[in-house]
Every structure is written in structure tokens, then in C-alpha cells.
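K.L.:
If it helps, the file is called input-v4.cif and holds mmCIF, C-alpha atoms:
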data_coords
loop_
_atom_site.label_atom_id
_atom_site.label_comp_id
_atom_site.auth_asym_id
_atom_site.auth_seq_id
_atom_site.Cartn_x
_atom_site.Cartn_y
_atom_site.Cartn_z
CA LYS T 1444 -205.88 -48.48 -15.96
CA GLU T 1445 -205.39 -50.37 -19.21
CA THR T 1446 -202.70 -52.47 -17.51
CA GLU T 1447 -205.07 -53.36 -14.68
CA GLU T 1448 -207.80 -54.31 -17.13
CA LYS T 1449 -205.35 -56.48 -19.06
CA LYS T 1450 -204.22 -58.20 -15.87
CA LYS T 1451 -207.84 -58.91 -14.94
CA ALA T 1452 -208.59 -60.26 -18.41
CA ASP T 1453 -205.48 -62.47 -18.35
CA LYS T 1454 -206.37 -63.74 -14.90
CA LYS T 1455 -209.91 -64.50 -16.01
CA ALA T 1456 -208.68 -66.31 -19.13
CA LYS T 1457 -206.21 -68.32 -17.05
CA GLU T 1458 -208.92 -69.31 -14.57
CA LYS T 1459 -211.21 -70.33 -17.40
CA LYS T 1460 -208.47 -72.45 -18.95
CA GLU T 1461 -207.78 -74.12 -15.60
CA GLN T 1462 -211.47 -74.85 -15.17
CA GLU T 1463 -211.58 -76.41 -18.64
CA ARG T 1464 -208.54 -78.53 -17.82
CA ALA T 1465 -210.07 -79.64 -14.51
CA LYS T 1466 -213.31 -80.54 -16.30
CA ALA T 1467 -211.36 -82.48 -18.97
CA ILE T 1468 -209.47 -84.38 -16.26
CA GLU T 1469 -212.72 -85.24 -14.47
CA THR T 1470 -214.31 -86.48 -17.73
CA ILE T 1471 -211.33 -88.67 -18.58
CA LYS T 1472 -211.19 -90.07 -15.04
CA LYS T 1473 -214.87 -91.04 -15.27
CA GLU T 1474 -214.21 -92.85 -18.54
CA LEU T 1475 -211.31 -94.75 -16.98
CA ILE T 1476 -213.47 -95.78 -14.02
CA PHE T 1477 -216.19 -96.88 -16.45
CA LEU T 1478 -213.57 -99.04 -18.19
CA GLY T 1479 -212.80 -100.61 -14.84
CA GLU T 1480 -209.40 -99.01 -14.28
CA ALA T 1481 -208.12 -96.60 -11.62
CA PRO T 1482 -206.78 -93.29 -13.03
CA MET T 1483 -203.07 -92.74 -12.49
CA SER T 1484 -202.06 -90.22 -9.83
CA GLU T 1485 -201.77 -86.57 -10.89
CA TYR T 1486 -198.85 -86.08 -8.47
CA GLU T 1487 -196.57 -87.87 -10.92
CA PHE T 1488 -196.82 -84.94 -13.36
CA SER T 1489 -195.61 -81.36 -13.26
CA ASN T 1490 -198.68 -79.79 -14.88
CA ASN T 1491 -202.23 -80.55 -15.95
CA ASP T 1492 -201.46 -80.72 -19.67
CA GLU T 1493 -198.99 -83.56 -19.08
CA TYR T 1494 -201.51 -85.26 -16.80
CA ILE T 1495 -204.31 -85.03 -19.38
CA ALA T 1496 -202.03 -86.46 -22.08
CA ALA T 1497 -201.05 -89.33 -19.77
CA LEU T 1498 -204.68 -90.09 -18.89
CA LYS T 1499 -205.62 -90.16 -22.58
CA LYS T 1500 -202.73 -92.53 -23.23
CA GLN T 1501 -203.95 -94.72 -20.37
CA ILE T 1502 -207.40 -94.92 -21.98
CA GLU T 1503 -205.92 -95.82 -25.37
CA ASP T 1504 -203.80 -98.57 -23.81
CA ILE T 1505 -206.79 -99.99 -21.94
CA LYS T 1506 -208.97 -100.01 -25.06
CA THR T 1507 -206.21 -101.71 -27.03
CA LYS T 1508 -205.81 -104.31 -24.28
CA ASN T 1509 -209.57 -104.85 -24.01
CA ALA T 1510 -209.86 -105.28 -27.78
CA ALA T 1511 -207.10 -107.90 -27.69
CA GLU T 1512 -208.79 -109.70 -24.78
CA GLU T 1513 -212.13 -109.59 -26.57
CA GLN T 1514 -210.55 -111.18 -29.63
CA LYS T 1515 -209.02 -113.88 -27.44
CA LEU T 1516 -212.46 -114.52 -25.96
CA LYS T 1517 -213.89 -114.91 -29.45
CA ASP T 1518 -211.04 -117.22 -30.44
CA SER T 1519 -211.72 -119.35 -27.35
CA ILE T 1520 -215.30 -120.19 -28.39
CA PRO T 1521 -215.57 -123.89 -29.33
CA GLU T 1522 -216.90 -124.58 -32.80
CA TRP T 1523 -219.77 -126.65 -31.39
CA TYR T 1524 -220.96 -123.66 -29.33
CA GLY T 1525 -221.68 -121.47 -32.38
CA MET T 1526 -225.26 -121.01 -33.56
CA ALA T 1527 -224.59 -122.88 -36.81
CA SER T 1528 -223.44 -125.96 -34.89
CA MET T 1529 -226.11 -125.88 -32.16
CA PRO T 1530 -228.35 -128.98 -32.13
CA LYS T 1531 -231.87 -128.21 -33.37
CA ASN T 1532 -234.85 -128.20 -31.05
CA THR T 1533 -237.53 -130.80 -31.72
CA ASP T 1534 -241.06 -131.39 -30.43
CA THR T 1535 -239.63 -133.43 -27.59
CA ILE T 1536 -236.14 -132.04 -26.92
CA MET T 1537 -235.06 -128.44 -26.28
CA TYR T 1538 -231.50 -127.13 -26.04
CA ALA T 1539 -230.11 -124.07 -24.30
CA LYS T 1540 -226.59 -122.74 -23.88
CA GLY T 1541 -224.71 -120.54 -21.44
CA THR T 1542 -221.21 -119.18 -20.91
CA HIS T 1543 -219.40 -117.39 -18.12
CA THR T 1544 -215.91 -116.08 -17.42
CA SER T 1545 -214.44 -116.05 -13.92
CA ALA T 1546 -211.12 -116.13 -12.12
CA ASP T 1547 -212.50 -119.15 -10.29
CA LEU T 1548 -212.83 -122.38 -12.30
CA ASP T 1549 -215.80 -123.73 -10.35
CA GLN T 1550 -217.56 -120.37 -10.49
CA SER T 1551 -217.24 -120.19 -14.28
CA GLU T 1552 -218.85 -123.63 -14.61
CA LEU T 1553 -221.57 -122.98 -12.01
CA ILE T 1554 -222.72 -119.65 -13.44
CA GLY T 1555 -222.39 -120.90 -17.02
CA LEU T 1556 -224.85 -123.67 -16.14
CA GLU T 1557 -227.19 -121.25 -14.35
CA LYS T 1558 -227.29 -119.02 -17.43
CA ALA T 1559 -228.16 -122.01 -19.62
CA LYS T 1560 -230.93 -123.05 -17.22
CA ALA T 1561 -232.32 -119.50 -17.15
CA LYS T 1562 -232.42 -119.44 -20.94
CA LEU T 1563 -234.06 -122.87 -20.98
CA ALA T 1564 -236.77 -121.69 -18.56
CA SER T 1565 -237.45 -118.58 -20.63
CA ASN T 1566 -237.76 -120.57 -23.87
CA LEU T 1567 -239.99 -123.19 -22.25
CA ALA T 1568 -242.33 -120.56 -20.82
CA SER T 1569 -242.65 -118.86 -24.20
CA ILE T 1570 -243.41 -122.02 -26.15
CA MET T 1571 -246.00 -123.28 -23.63
CA SER T 1572 -247.86 -119.97 -23.65
CA LEU T 1573 -247.69 -119.89 -27.44
CA LYS T 1574 -249.30 -123.34 -27.78
CA ILE T 1575 -252.30 -122.23 -25.72
CA GLU T 1576 -252.53 -119.03 -27.76
CA ILE T 1577 -252.55 -121.04 -31.00
CA ALA T 1578 -255.29 -123.31 -29.67
CA THR T 1579 -257.33 -120.29 -28.58
CA ASN T 1580 -257.00 -118.65 -31.98
CA GLU T 1581 -257.90 -121.91 -33.71
CA LYS T 1582 -261.16 -122.12 -31.75
CA VAL T 1583 -261.78 -118.39 -32.26
CA ILE T 1584 -262.93 -117.85 -28.72
CA ASP T 1585 -262.57 -114.72 -26.66
CA VAL T 1586 -260.62 -115.11 -23.46
CA ASP T 1587 -260.24 -112.43 -20.85
CA SER T 1588 -256.98 -110.84 -19.79
CA ALA T 1589 -257.08 -112.76 -16.49
CA PHE T 1590 -256.88 -116.05 -18.40
CA LYS T 1591 -253.94 -114.89 -20.49
CA SER T 1592 -252.20 -113.52 -17.43
CA GLU T 1593 -252.69 -116.78 -15.51
CA ILE T 1594 -251.44 -118.88 -18.45
CA THR T 1595 -248.30 -116.73 -18.60
CA SER T 1596 -247.83 -117.03 -14.85
CA ILE T 1597 -248.27 -120.82 -14.89
CA SER T 1598 -245.93 -121.28 -17.83
CA LYS T 1599 -243.19 -119.25 -16.12
CA SER T 1600 -243.65 -121.04 -12.82
CA VAL T 1601 -243.61 -124.50 -14.40
CA ALA T 1602 -240.66 -123.67 -16.64
CA LYS T 1603 -238.62 -122.39 -13.72
CA GLU T 1604 -239.45 -125.41 -11.60
CA VAL T 1605 -238.77 -128.12 -14.19
CA SER T 1606 -235.58 -126.48 -15.49
CA ILE T 1607 -233.96 -126.85 -12.06
CA GLY T 1608 -233.58 -130.59 -12.64
CA GLY T 1609 -234.26 -133.04 -15.42
CA TYR T 1610 -231.84 -131.46 -17.86
CA LYS T 1611 -228.80 -133.27 -19.21
CA VAL T 1612 -225.46 -131.75 -20.19
CA TYR T 1613 -225.15 -132.10 -23.95
CA LYS T 1614 -221.66 -130.58 -24.22
CA SER T 1615 -219.43 -128.59 -21.91
CA ALA T 1616 -215.89 -127.19 -22.00
CA THR T 1617 -213.84 -124.81 -19.89
CA VAL T 1618 -210.85 -122.97 -21.36
CA GLU T 1619 -208.15 -121.03 -19.55
CA LEU T 1620 -207.64 -117.55 -20.99
CA SER T 1621 -204.37 -115.68 -21.30
CA ASN T 1622 -205.32 -113.42 -18.38
CA GLY T 1623 -205.55 -116.42 -16.06
CA LYS T 1624 -209.35 -116.49 -15.98
CA PHE T 1625 -211.54 -119.41 -16.99
CA ARG T 1626 -214.40 -119.38 -19.46
CA ASN T 1627 -217.01 -122.11 -19.43
CA PHE T 1628 -219.22 -123.05 -22.38
CA ILE T 1629 -222.16 -125.37 -21.90
CA ILE T 1630 -225.15 -126.69 -23.83
CA ILE T 1631 -227.90 -128.52 -21.97
CA GLU T 1632 -230.77 -130.58 -23.32
CA PHE T 1633 -234.17 -131.05 -21.78
CA PRO T 1634 -237.12 -133.38 -22.47
CA VAL T 1635 -239.85 -130.84 -23.23
CA THR T 1636 -242.66 -133.31 -22.55
CA VAL T 1637 -241.82 -133.15 -18.82
CA ALA T 1638 -242.63 -129.43 -18.88
CA TYR T 1639 -245.74 -129.92 -21.04
CA LYS T 1640 -247.17 -132.49 -18.61
CA ALA T 1641 -246.66 -130.24 -15.58
CA PHE T 1642 -248.09 -127.31 -17.53
CA LEU T 1643 -251.24 -129.19 -18.60
CA ASP T 1644 -251.81 -130.54 -15.08
CA ASN T 1645 -251.66 -126.97 -13.76
CA VAL T 1646 -253.92 -125.30 -16.33
CA LYS T 1647 -256.52 -128.08 -16.07
CA SER T 1648 -256.76 -127.79 -12.28
CA ASN T 1649 -256.35 -124.03 -11.87
CA PRO T 1650 -259.75 -122.33 -11.19
CA ALA T 1651 -258.74 -119.32 -13.31
CA THR T 1652 -257.94 -121.38 -16.42
CA LYS T 1653 -259.72 -124.74 -16.38
CA ASN T 1654 -263.02 -123.51 -17.84
CA ASN T 1655 -261.40 -121.84 -20.84
CA ILE T 1656 -259.11 -124.85 -21.33
CA LYS T 1657 -262.21 -127.05 -21.71
CA LYS T 1658 -263.36 -124.82 -24.57
CA ILE T 1659 -260.20 -125.44 -26.58
CA ALA T 1660 -259.70 -129.12 -25.68
CA ASP T 1661 -260.94 -130.27 -29.12
CA THR T 1662 -258.58 -128.05 -31.13
CA GLU T 1663 -255.74 -129.59 -33.14
CA ALA T 1664 -253.17 -127.46 -31.31
CA PHE T 1665 -254.34 -128.62 -27.86
CA LYS T 1666 -254.64 -132.25 -28.94
CA GLU T 1667 -251.10 -132.07 -30.28
CA LEU T 1668 -249.90 -130.78 -26.91
CA GLU T 1669 -251.60 -133.68 -25.11
CA GLN T 1670 -250.24 -136.21 -27.60
CA LEU T 1671 -246.70 -134.97 -26.97
CA VAL T 1672 -247.22 -135.63 -23.26
CA THR T 1673 -248.75 -139.10 -23.66
CA GLY T 1674 -246.55 -140.12 -26.57
CA ALA T 1675 -249.62 -141.28 -28.46
#
Let me see whether you can do it: turn the structure in this file into C-alpha cells.
P.N.:
Amino acid sequence: KETEEKKKADKKAKEKKEQERAKAIETIKKELIFLGEAPMSEYEFSNNDEYIAALKKQIEDIKTKNAAEEQKLKDSIPEWYGMASMPKNTDTIMYAKGTHTSADLDQSELIGLEKAKAKLASNLASIMSLKIEIATNEKVIDVDSAFKSEITSISKSVAKEVSIGGYKVYKSATVELSNGKFRNFIIIEFPVTVAYKAFLDNVKSNPATKNNIKKIADTEAFKELEQLVTGA
């Protein structure tokens, strides 16, 4: 009876250990897939312990390789692309940058530019909304949520529309990486007054905003916005 009990206990312990190994293998495989690599085949190994050790080694090798590639990416960044070297925005000119890595040269340049344009649109929308907010605060008038919502909507729409064209490439470079891929770096510049003019035309004609805009037309902040457009 004691022998039978021992056999059952040993069998249970063995099953538990196998379950733990299977769970460990599944966890490691998921990590490998997350890292973008296919786990090596378990049929190459005689037991699960060897397989687990090999999978762990595979993860270590991938992380080491990724770290090296990441360093190469950092080393590939042109000096002019760094924040310290970026040209400063002014009242009339705004800059935005983008970068993209691809196995296709044209794709790296195309998406790098699209990222820069998306950033430009986002920055333009923010600054246009902010100027109206400053003017509103200066006048100390209460505006409803519909007005604020419409201003935000107009600023985003205008920014997206004007950022499609009208920009100029300030600097651009594409470097070939050691893995055969290409990484594009680009900085674009944009005449902000083009966006301001379209923005003012919209808010002055929009039924949901034009009445409140009239209330803040004599503020310094709003006058400054108009002066930037007219160049006066």
C-alpha cells in the first residue's frame, strides 16, 4: 500500500513538473513572438529542460542584437536632427520633424515626411486654439462649451488642410543601416501665417463662433493674430 501511494505521489509530482515546464515554454515562446522572432523548434532537443535553456538563450541573443541595433540607430541620427540643433519656431515660421525606418528607401522617405506633417498639423492646431483662448481670457468673457469645441474642430481641420501643402523641406537625409534598412530624417518648415489666415476666415464666418469672435476682436491677443496675417 505504501508503495502504491509513493508511486501515485511520484506520478503526481512528475505531472506537476511537466505542467510547469510546459507553462514555462509557453511563456518564453510568447516573449519571443513579442520580440518579433519565431521560437526554435522543440524537435531539435531531447528533453524540455534543454529546450527551455535554448529558448532562454535565443531571447538573450535577440535582446543583445536589438540593443546593438538600437545603438546603431542612435549613432545614425544626424547632429542637425537633435533637439539642441533644431531651428527655433518664430511668430511666422514653424518647424516639425519626422523619421522612419524601412527596408524600402522610398517608403522611409515618404512615411518620414508624413510623420513630420502630422506633427506640424498637431502643433498648428494647438497654437491656433491657444491664441483664441488667450484672447478670451484677456476679455474675461464667458464662452460656452460649444464655442470651445468648434474652435478646436476648426483649428484641427485647418491645420490638417494647410499642412498637406505649403511646407518646405528644411533638411533631409537618409542613411543606410547595417541591417540593410534605410532610415530617413526630415525637418520641414511652414509659414504659420497661411494657417492663421485660413483659421481666422473660418472662425469669422462660422455661425457657431462668429458672434463670440466679435466680442474679443479688440483684445491685444486677437489683434496680434490679425497683424501676423496682414503683416501690418
K.L.:
Between CA of Lys1603 in chain T and CA of Glu1581 in chain T, what is the distance in Å, rounded to a tenth?
P.N.:
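Calculated distance between CA of Lys1603 in chain T and CA of Glu1581 in chain T is 27.8 Å.
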K.L.:
Using all atoms listed in the file, which protein or nucleic acid residues come within 12 Å of Ser1519 in chain T? Drop anything in the same chain fewer than 4 positions from it, and give the result as a VMD selection string.
P.N.:
chain T and resid 1512 to 1515 1523 to 1525 1542 1544 1616 to 1621 1624 to 1628
K.L.:
Could you pull the residues within 8 Å of Lys1599 in chain T, counting all atoms listed in the file, minus those fewer than 4 positions along the same chain, as JSON, numbers by chain?
P.N.:
{"T": [1564, 1565, 1567, 1568, 1595, 1603]}
K.L.:
Provide the CA of Asp1587 in chain T to CA of Asn1566 in chain T distance in Å, to one decimal place.
P.N.:
24.1 Å
K.L.:
Need the shell around Val1605 in chain T: protein/DNA/RNA residues with any atom at most 10 Å away, counting only C-alpha atoms. Skip same-chain ones fewer than 6 positions apart. Format as a PDB file with C-alpha atoms, keeping the file's coordinate frame?
P.N.:
ATOM      1  CA  LYS T1560    -230.930-123.050 -17.220  1.00  0.00           C
ATOM      2  CA  LEU T1563    -234.060-122.870 -20.980  1.00  0.00           C
ATOM      3  CA  ALA T1564    -236.770-121.690 -18.560  1.00  0.00           C
ATOM      4  CA  LEU T1567    -239.990-123.190 -22.250  1.00  0.00           C
ATOM      5  CA  PHE T1633    -234.170-131.050 -21.780  1.00  0.00           C
ATOM      6  CA  PRO T1634    -237.120-133.380 -22.470  1.00  0.00           C
ATOM      7  CA  VAL T1635    -239.850-130.840 -23.230  1.00  0.00           C
ATOM      8  CA  VAL T1637    -241.820-133.150 -18.820  1.00  0.00           C
ATOM      9  CA  ALA T1638    -242.630-129.430 -18.880  1.00  0.00           C
ATOM     10  CA  TYR T1639    -245.740-129.920 -21.040  1.00  0.00           C
ATOM     11  CA  ALA T1641    -246.660-130.240 -15.580  1.00  0.00           C
ATOM     12  CA  PHE T1642    -248.090-127.310 -17.530  1.00  0.00           C
TER      13      PHE T1642
END
K.L.:
Could you list, as JSON, numbers by chain, every residue within 10 Å of Lys1558 in chain T, counting all atoms listed in the file and ignoring same-chain residues fewer than 6 positions away?
P.N.:
{"T": [1539, 1540, 1541, 1542, 1543, 1564, 1629]}
K.L.:
Expressed in Å to a single decimal, how great is the separation between CA of Met1483 in chain T and CA of Leu1498 in chain T?
P.N.:
7.1 Å
K.L.:
For the structure shown, which residues end up in the PyMOL selection byres ((chain T and resi 1572) around 9)? Put them as a PyMOL selection string, please?
P.N.:
chain T and resi 1567-1571+1573-1577+1591+1594-1595+1597-1599
K.L.:
Please write a file for range 1606-1642 of chain T, taken from the block I just shared, that holds N, CA, C and O atoms and is laid out as a compact mmCIF listing (two decimals), in the first residue's frame.
P.N.:
# COMPACT_ATOMS: atom_id res chain seq x y z
N SER T 1606 -1.40 71.83 -43.82
CA SER T 1606 -0.12 71.12 -43.68
C SER T 1606 0.13 70.14 -44.82
O SER T 1606 1.24 69.63 -44.98
N ILE T 1607 -0.92 69.89 -45.61
CA ILE T 1607 -0.76 68.98 -46.76
C ILE T 1607 0.20 69.58 -47.78
O ILE T 1607 1.02 68.91 -48.38
N GLY T 1608 0.07 70.88 -48.00
CA GLY T 1608 0.95 71.58 -48.93
C GLY T 1608 1.41 72.88 -48.30
O GLY T 1608 0.98 73.25 -47.21
N GLY T 1609 2.30 73.56 -48.96
CA GLY T 1609 2.76 74.85 -48.42
C GLY T 1609 3.99 74.75 -47.56
O GLY T 1609 4.64 75.76 -47.27
N TYR T 1610 4.33 73.54 -47.14
CA TYR T 1610 5.55 73.37 -46.35
C TYR T 1610 6.76 73.33 -47.27
O TYR T 1610 6.64 73.15 -48.49
N LYS T 1611 7.92 73.50 -46.68
CA LYS T 1611 9.17 73.41 -47.43
C LYS T 1611 10.13 72.52 -46.65
O LYS T 1611 10.15 72.59 -45.41
N VAL T 1612 10.86 71.69 -47.35
CA VAL T 1612 11.84 70.83 -46.66
C VAL T 1612 13.02 71.68 -46.22
O VAL T 1612 13.68 72.31 -47.04
N TYR T 1613 13.23 71.71 -44.92
CA TYR T 1613 14.35 72.48 -44.36
C TYR T 1613 15.63 71.66 -44.46
O TYR T 1613 16.65 72.14 -44.97
N LYS T 1614 15.58 70.41 -44.00
CA LYS T 1614 16.72 69.50 -44.13
C LYS T 1614 16.20 68.07 -44.18
O LYS T 1614 15.21 67.74 -43.55
N SER T 1615 16.91 67.24 -44.94
CA SER T 1615 16.51 65.83 -45.04
C SER T 1615 17.73 64.98 -45.35
O SER T 1615 18.64 65.41 -46.06
N ALA T 1616 17.75 63.77 -44.77
CA ALA T 1616 18.85 62.84 -45.03
C ALA T 1616 18.34 61.42 -44.84
O ALA T 1616 17.51 61.16 -43.96
N THR T 1617 18.83 60.51 -45.63
CA THR T 1617 18.50 59.09 -45.50
C THR T 1617 19.80 58.31 -45.36
O THR T 1617 20.71 58.48 -46.17
N VAL T 1618 19.88 57.49 -44.31
CA VAL T 1618 21.09 56.70 -44.09
C VAL T 1618 20.75 55.21 -44.20
O VAL T 1618 19.65 54.79 -43.86
N GLU T 1619 21.71 54.46 -44.71
CA GLU T 1619 21.53 53.01 -44.80
C GLU T 1619 22.12 52.37 -43.55
O GLU T 1619 23.27 52.63 -43.19
N LEU T 1620 21.32 51.56 -42.88
CA LEU T 1620 21.74 50.92 -41.64
C LEU T 1620 22.46 49.60 -41.93
O LEU T 1620 22.41 49.08 -43.04
N SER T 1621 23.10 49.07 -40.91
CA SER T 1621 23.87 47.84 -41.09
C SER T 1621 23.00 46.63 -41.43
O SER T 1621 23.46 45.66 -42.01
N ASN T 1622 21.70 46.71 -41.06
CA ASN T 1622 20.79 45.59 -41.37
C ASN T 1622 20.17 45.70 -42.76
O ASN T 1622 19.28 44.94 -43.13
N GLY T 1623 20.65 46.67 -43.55
CA GLY T 1623 20.15 46.82 -44.92
C GLY T 1623 18.95 47.72 -45.05
O GLY T 1623 18.52 48.04 -46.16
N LYS T 1624 18.39 48.17 -43.92
CA LYS T 1624 17.23 49.06 -43.97
C LYS T 1624 17.69 50.51 -44.12
O LYS T 1624 18.87 50.84 -43.97
N PHE T 1625 16.72 51.38 -44.41
CA PHE T 1625 17.00 52.79 -44.59
C PHE T 1625 16.24 53.60 -43.54
O PHE T 1625 15.09 53.29 -43.22
N ARG T 1626 16.90 54.62 -43.00
CA ARG T 1626 16.24 55.49 -42.05
C ARG T 1626 16.30 56.93 -42.55
O ARG T 1626 17.39 57.44 -42.84
N ASN T 1627 15.12 57.52 -42.68
CA ASN T 1627 15.03 58.89 -43.16
C ASN T 1627 14.83 59.86 -42.00
O ASN T 1627 14.11 59.57 -41.05
N PHE T 1628 15.48 60.99 -42.07
CA PHE T 1628 15.32 62.08 -41.12
C PHE T 1628 14.93 63.32 -41.90
O PHE T 1628 15.55 63.63 -42.93
N ILE T 1629 13.91 64.02 -41.44
CA ILE T 1629 13.48 65.20 -42.17
C ILE T 1629 12.97 66.28 -41.22
O ILE T 1629 12.34 65.98 -40.20
N ILE T 1630 13.26 67.52 -41.57
CA ILE T 1630 12.70 68.68 -40.87
C ILE T 1630 12.03 69.54 -41.93
O ILE T 1630 12.62 69.83 -42.97
N ILE T 1631 10.77 69.90 -41.68
CA ILE T 1631 10.07 70.77 -42.62
C ILE T 1631 9.76 72.10 -41.95
O ILE T 1631 9.69 72.20 -40.73
N GLU T 1632 9.63 73.13 -42.77
CA GLU T 1632 9.26 74.45 -42.25
C GLU T 1632 7.98 74.91 -42.92
O GLU T 1632 7.68 74.53 -44.06
N PHE T 1633 7.23 75.71 -42.19
CA PHE T 1633 5.92 76.11 -42.70
C PHE T 1633 5.62 77.56 -42.30
O PHE T 1633 5.83 77.95 -41.15
N PRO T 1634 5.12 78.37 -43.26
CA PRO T 1634 4.75 79.75 -42.94
C PRO T 1634 3.43 79.78 -42.15
O PRO T 1634 2.36 79.57 -42.72
N VAL T 1635 3.53 80.01 -40.87
CA VAL T 1635 2.36 79.91 -39.98
C VAL T 1635 1.23 80.85 -40.37
O VAL T 1635 0.06 80.55 -40.16
N THR T 1636 1.58 81.99 -40.96
CA THR T 1636 0.55 82.97 -41.31
C THR T 1636 -0.48 82.41 -42.30
O THR T 1636 -1.63 82.85 -42.31
N VAL T 1637 -0.07 81.45 -43.11
CA VAL T 1637 -1.01 80.79 -44.03
C VAL T 1637 -2.12 80.10 -43.24
O VAL T 1637 -3.30 80.17 -43.58
N ALA T 1638 -1.71 79.42 -42.16
CA ALA T 1638 -2.68 78.72 -41.32
C ALA T 1638 -3.54 79.72 -40.55
O ALA T 1638 -4.77 79.54 -40.43
N TYR T 1639 -2.92 80.79 -40.03
CA TYR T 1639 -3.66 81.79 -39.28
C TYR T 1639 -4.77 82.42 -40.14
O TYR T 1639 -5.88 82.66 -39.67
N LYS T 1640 -4.43 82.74 -41.39
CA LYS T 1640 -5.41 83.38 -42.27
C LYS T 1640 -6.61 82.45 -42.51
O LYS T 1640 -7.78 82.89 -42.41
N ALA T 1641 -6.34 81.20 -42.82
CA ALA T 1641 -7.42 80.24 -43.05
C ALA T 1641 -8.25 80.06 -41.78
O ALA T 1641 -9.48 79.93 -41.83
N PHE T 1642 -7.57 80.05 -40.64
CA PHE T 1642 -8.24 79.88 -39.35
C PHE T 1642 -9.18 81.06 -39.07
O PHE T 1642 -10.35 80.87 -38.72
